[in-house]
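Asks: Would you mind keeping the following structure in view while I ask a few things?
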Amino acid sequence: MKNFAMALAVALPLAAFGTTAAAQCVTVDPVIIPDVRVDPLDATGAAQVMQPVTMMFRRVGVGNAPITVTYQIVDEDSSVRSRVGVTGGPQLEWRSDDSGRNIGATRSEAYALLRSGSVTIGADDNSQQATLRLFLTNLREDLPAGVYREQYTIRYWCADRDSSIPEEIPGIVTVTVQVPNVLSANVAGASTQGEIDFLDFSTLTRSLSVSVRSTGRFAVTARSVNGSVMLREGAAGTDKADRIPYVVRFGGRALALDTGAGFTNPRAGLAGQQIPLEVVVDDVSSKRAGAYSDTLILTLAPVT
C-alpha cells in the first residue's frame with residue numbers, strides 16, 4: 001500500500017460629519033452609529049442586525065409654540081466605492097418608533113414622503129429626541145471583506161410637508177459596517193484531513209479537492225513532514241531507492257514546500273470553490289518495494 005496523507009490546517013484569523021447648518025426651525029445633532037460587524041460565514045449568526053439609534057432635534061430661534069417635524073433618512077447611494085447602501089454592499093432599513101415603517105428614502109424616488117417619521121418639540125421645550133431602529137438586512141449575502149461607510153442626510157419639514165420645501169442636513173448620520181476576512185476549508189466531506197492513495201503507482205498523478213469559502217483573499221502555504229519526498233516505511237538512511245520525490249500544485253499553481261513561501265488566491269466567496277490539490281511523483285521504476293508515505297500540512301490564511 002502506498003499512501004499519501006494530507007492534513008489541512010486553516011488559519012482563522014470615523015468619518016467626519018458635516019456641520020449642522022442653520023435650518024428653518026430645528027437643527028439635528030450629529031449621530032455616529034457604533035460599528036456593526038458582520039460575518040457572512042457564521043451559520044449560527046442572526047439573519048439581520050438591529051441597532052437602536054437616538055436623534056436629537058433642537059429648536060432654532062425664539063418662540064415657545066409646539067413644533068412638529070416630519071423627517072426621513074436620505075440614502076446617497078453610489079456604486080463608485082464600497083459603502084452602505086440600497087444597491088450594493090450591506091443594506092440598511094431605517095424604522096421610526098412612532099410609525100414602525102421604513103423611513104429611508106433615495107434620491108431616485110419621486111414620491112418618498114410616505115417614508116417618514118415625526119417628532120414634536122413641545123411648548124417651552126428646546127429639544128426632543130426621536131428613537132429609530134437601524135436594521136442590517138442582507139447578512140446572508142456574499143459580502144466581500146472590507147469596511148463599508150456611509151453618511152446619511154436628514155431631510156425634514158417644519159410645516160405641512162405637502163406645501164413646504166424641505167430642509168436638509170447632509171452627512172449628519174454616520175454608519176460603518178465591517179465585514180472581516182474569514183474563511184473555512186475542508187476536504188473529504190467536511191473533514192480537515194484527506195488521503196491520496198497512489199496504489200501501485202500505475203499513475204504518477206493523483207489529486208483531491210479542497211473546498212474553500214472566504215470573504216476575501218487568502219494565502220496558501222504548505223509544509224512536508226519528510227522534506228518533499230515519500231519515504232519507504234522502515235527506511236533509516238537517505239538512499240534514493242527508498243525515497244520518492246514529488247511536487248504539489250494547488251489550483252494548478254506549484255507550492256514551494258518547506259520554504260514558507262506561498263501565493264495568494266482570490267476571494268472564494270460565500271458559495272465557495274472546489275480547488276484541486278494535485279500531487280505528482282517521480283518515476284518509481286528504480287525504487288525498492290514497500291509502502292511509501294508523507295504528510296503534507298496545507299495552510300490557508302486570510303490576507304489582511
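Every chain in the C-alpha cells has a letter given in the order shown (A, B, ...), and although residue numbers restart at 1 in each chain, ligands are simply numbered from 1 in the order shown.
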Considering only C-alpha atoms, tabulate each residue of stretch 26-46 of chain A that lies at most 9 Å from stretch 58-63 of chain A along with its nearest interatomic pair and the corresponding distance in Å to one decimal; arrange the rows by chain and ascending residue number and present them as a Markdown table.
Replies:
```
| residue | atom | partner | partner_atom | distance |
| --- | --- | --- | --- | --- |
| A:Val26 | CA | A:Arg59 | CA | 4.5 |
| A:Thr27 | CA | A:Arg58 | CA | 5.3 |
| A:Val28 | CA | A:Arg58 | CA | 6.3 |
| A:Asp29 | CA | A:Arg58 | CA | 7.9 |
```
Asks: Could you please take those selected residues and save N, CA and C atoms as a JSON list (two decimals), in the first residue's frame?
Replies:
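Wrote out-v4.json, looks like this:
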```json
[["chain", "number", "residue", "atom", "x", "y", "z"],
["A", 26, "VAL", "N", -35.32, 73.77, 13.20],
["A", 26, "VAL", "CA", -34.56, 72.90, 14.10],
["A", 26, "VAL", "C", -33.18, 72.62, 13.52],
["A", 27, "THR", "N", -32.29, 72.16, 14.38],
["A", 27, "THR", "CA", -31.05, 71.51, 13.95],
["A", 27, "THR", "C", -31.06, 70.10, 14.51],
["A", 28, "VAL", "N", -30.17, 69.27, 13.98],
["A", 28, "VAL", "CA", -30.08, 67.88, 14.42],
["A", 28, "VAL", "C", -28.64, 67.59, 14.83],
["A", 29, "ASP", "N", -28.47, 67.01, 16.01],
["A", 29, "ASP", "CA", -27.12, 66.67, 16.47],
["A", 29, "ASP", "C", -26.53, 65.57, 15.59]]
```
Asks: May I have the residues within 8 Å of A:Leu143 as a PDB file with C-alpha atoms, in the first residue's frame, using only C-alpha atoms and disregarding those fewer than 5 positions away in the same chain?
Replies:
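This went into selection39.pdb:
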```pdb
ATOM      1  CA  PRO A  40     -21.330  36.066   6.366  1.00  0.00           C
ATOM      2  CA  GLY A  89     -22.802  46.269  -0.015  1.00  0.00           C
ATOM      3  CA  PRO A  90     -24.572  45.977   3.340  1.00  0.00           C
ATOM      4  CA  VAL A 179     -17.027  42.552   7.115  1.00  0.00           C
ATOM      5  CA  THR A 215     -14.939  36.652   2.243  1.00  0.00           C
ATOM      6  CA  LEU A 270     -19.836  32.545   0.127  1.00  0.00           C
TER       7      LEU A 270
END
```
Asks: For A:Gly234, list every protein, DNA or RNA residue within 12 Å, evaluated using only C-alpha atoms, and leave out those in the same chain fewer than 5 positions away; present the list as a PyMOL selection string.
Replies: chain A and resi 242-243+288-293
Asks: Selection from above, C-alpha atoms, as a CSV table (one decimal), in the first residue's frame, can you write it?
Replies:
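Contents of again33.csv, freshly written:
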```
chain,number,residue,atom,x,y,z
A,242,ASP,CA,13.9,4.5,-0.6
A,243,ARG,CA,12.7,8.0,-1.4
A,288,ARG,CA,12.5,-0.6,-3.6
A,289,ALA,CA,9.3,-2.4,-3.0
A,290,GLY,CA,7.4,-1.2,0.1
A,291,ALA,CA,4.9,1.2,1.5
A,292,TYR,CA,5.8,4.9,0.9
A,293,SER,CA,4.2,7.9,2.6
```
Asks: Just the residues within 7 Å of A:Val247, please, counting only C-alpha atoms, with nothing from its chain fewer than 5 positions along; format it as a ChimeraX atom specification.
Replies: /A:279-281
Asks: Write out as a list in words the residues lying within 6 Å of stretch 168-173 of chain A, counting only C-alpha atoms and excluding same-chain residues fewer than 5 positions away.
Replies: Phe17, Gly18, Pro30, Val31, Ile32, Gln151, Tyr152, Thr153, Ile154 and Arg155 of chain A
Asks: Using the chain letters and numbers from this document, which residues of stretch 161-259 of chain A does DSSP assign to strand (DSSP E), as a count of residues only?
Replies: 54
Asks: Select, from A:Ser202, A:Gly260, A:Thr137, A:Asp294, the residue with the minimum atom-to-atom distance to A:Arg232, counting only C-alpha atoms.
Replies: A:Asp294
Asks: Could you give me, as a ChimeraX atom specification, the residues within 7 Å of A:Gln48, counting only C-alpha atoms and dropping anything in the same chain fewer than 4 positions from it?
Replies: /A:135-139
Asks: Residues of the last selection are to be written out with N, CA and C atoms, as a PDB file, in the first residue's frame.
Replies:
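Output contents, as saved in selection_10.pdb:
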```pdb
ATOM      1  N   PHE A 135     -31.849  48.556  10.798  1.00  0.00           N
ATOM      2  CA  PHE A 135     -31.807  47.121  10.514  1.00  0.00           C
ATOM      3  C   PHE A 135     -30.817  46.855   9.382  1.00  0.00           C
ATOM      4  N   LEU A 136     -29.874  45.961   9.613  1.00  0.00           N
ATOM      5  CA  LEU A 136     -28.991  45.468   8.554  1.00  0.00           C
ATOM      6  C   LEU A 136     -29.600  44.160   8.080  1.00  0.00           C
ATOM      7  N   THR A 137     -30.052  44.126   6.831  1.00  0.00           N
ATOM      8  CA  THR A 137     -30.986  43.081   6.408  1.00  0.00           C
ATOM      9  C   THR A 137     -30.417  41.975   5.529  1.00  0.00           C
ATOM     10  N   ASN A 138     -29.227  42.133   4.968  1.00  0.00           N
ATOM     11  CA  ASN A 138     -28.745  41.129   3.998  1.00  0.00           C
ATOM     12  C   ASN A 138     -27.501  40.398   4.492  1.00  0.00           C
ATOM     13  N   LEU A 139     -27.536  39.918   5.741  1.00  0.00           N
ATOM     14  CA  LEU A 139     -26.357  39.280   6.331  1.00  0.00           C
ATOM     15  C   LEU A 139     -25.997  37.958   5.659  1.00  0.00           C
TER      16      LEU A 139
END
```
Asks: Env of A:Arg267: 6 Å cut, atoms = only C-alpha atoms, seq-sep filter 3 positions within chain, self excluded. Answer as a list in words.
Replies: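 That gives Ser214, Gly216 and Arg217 of chain A.
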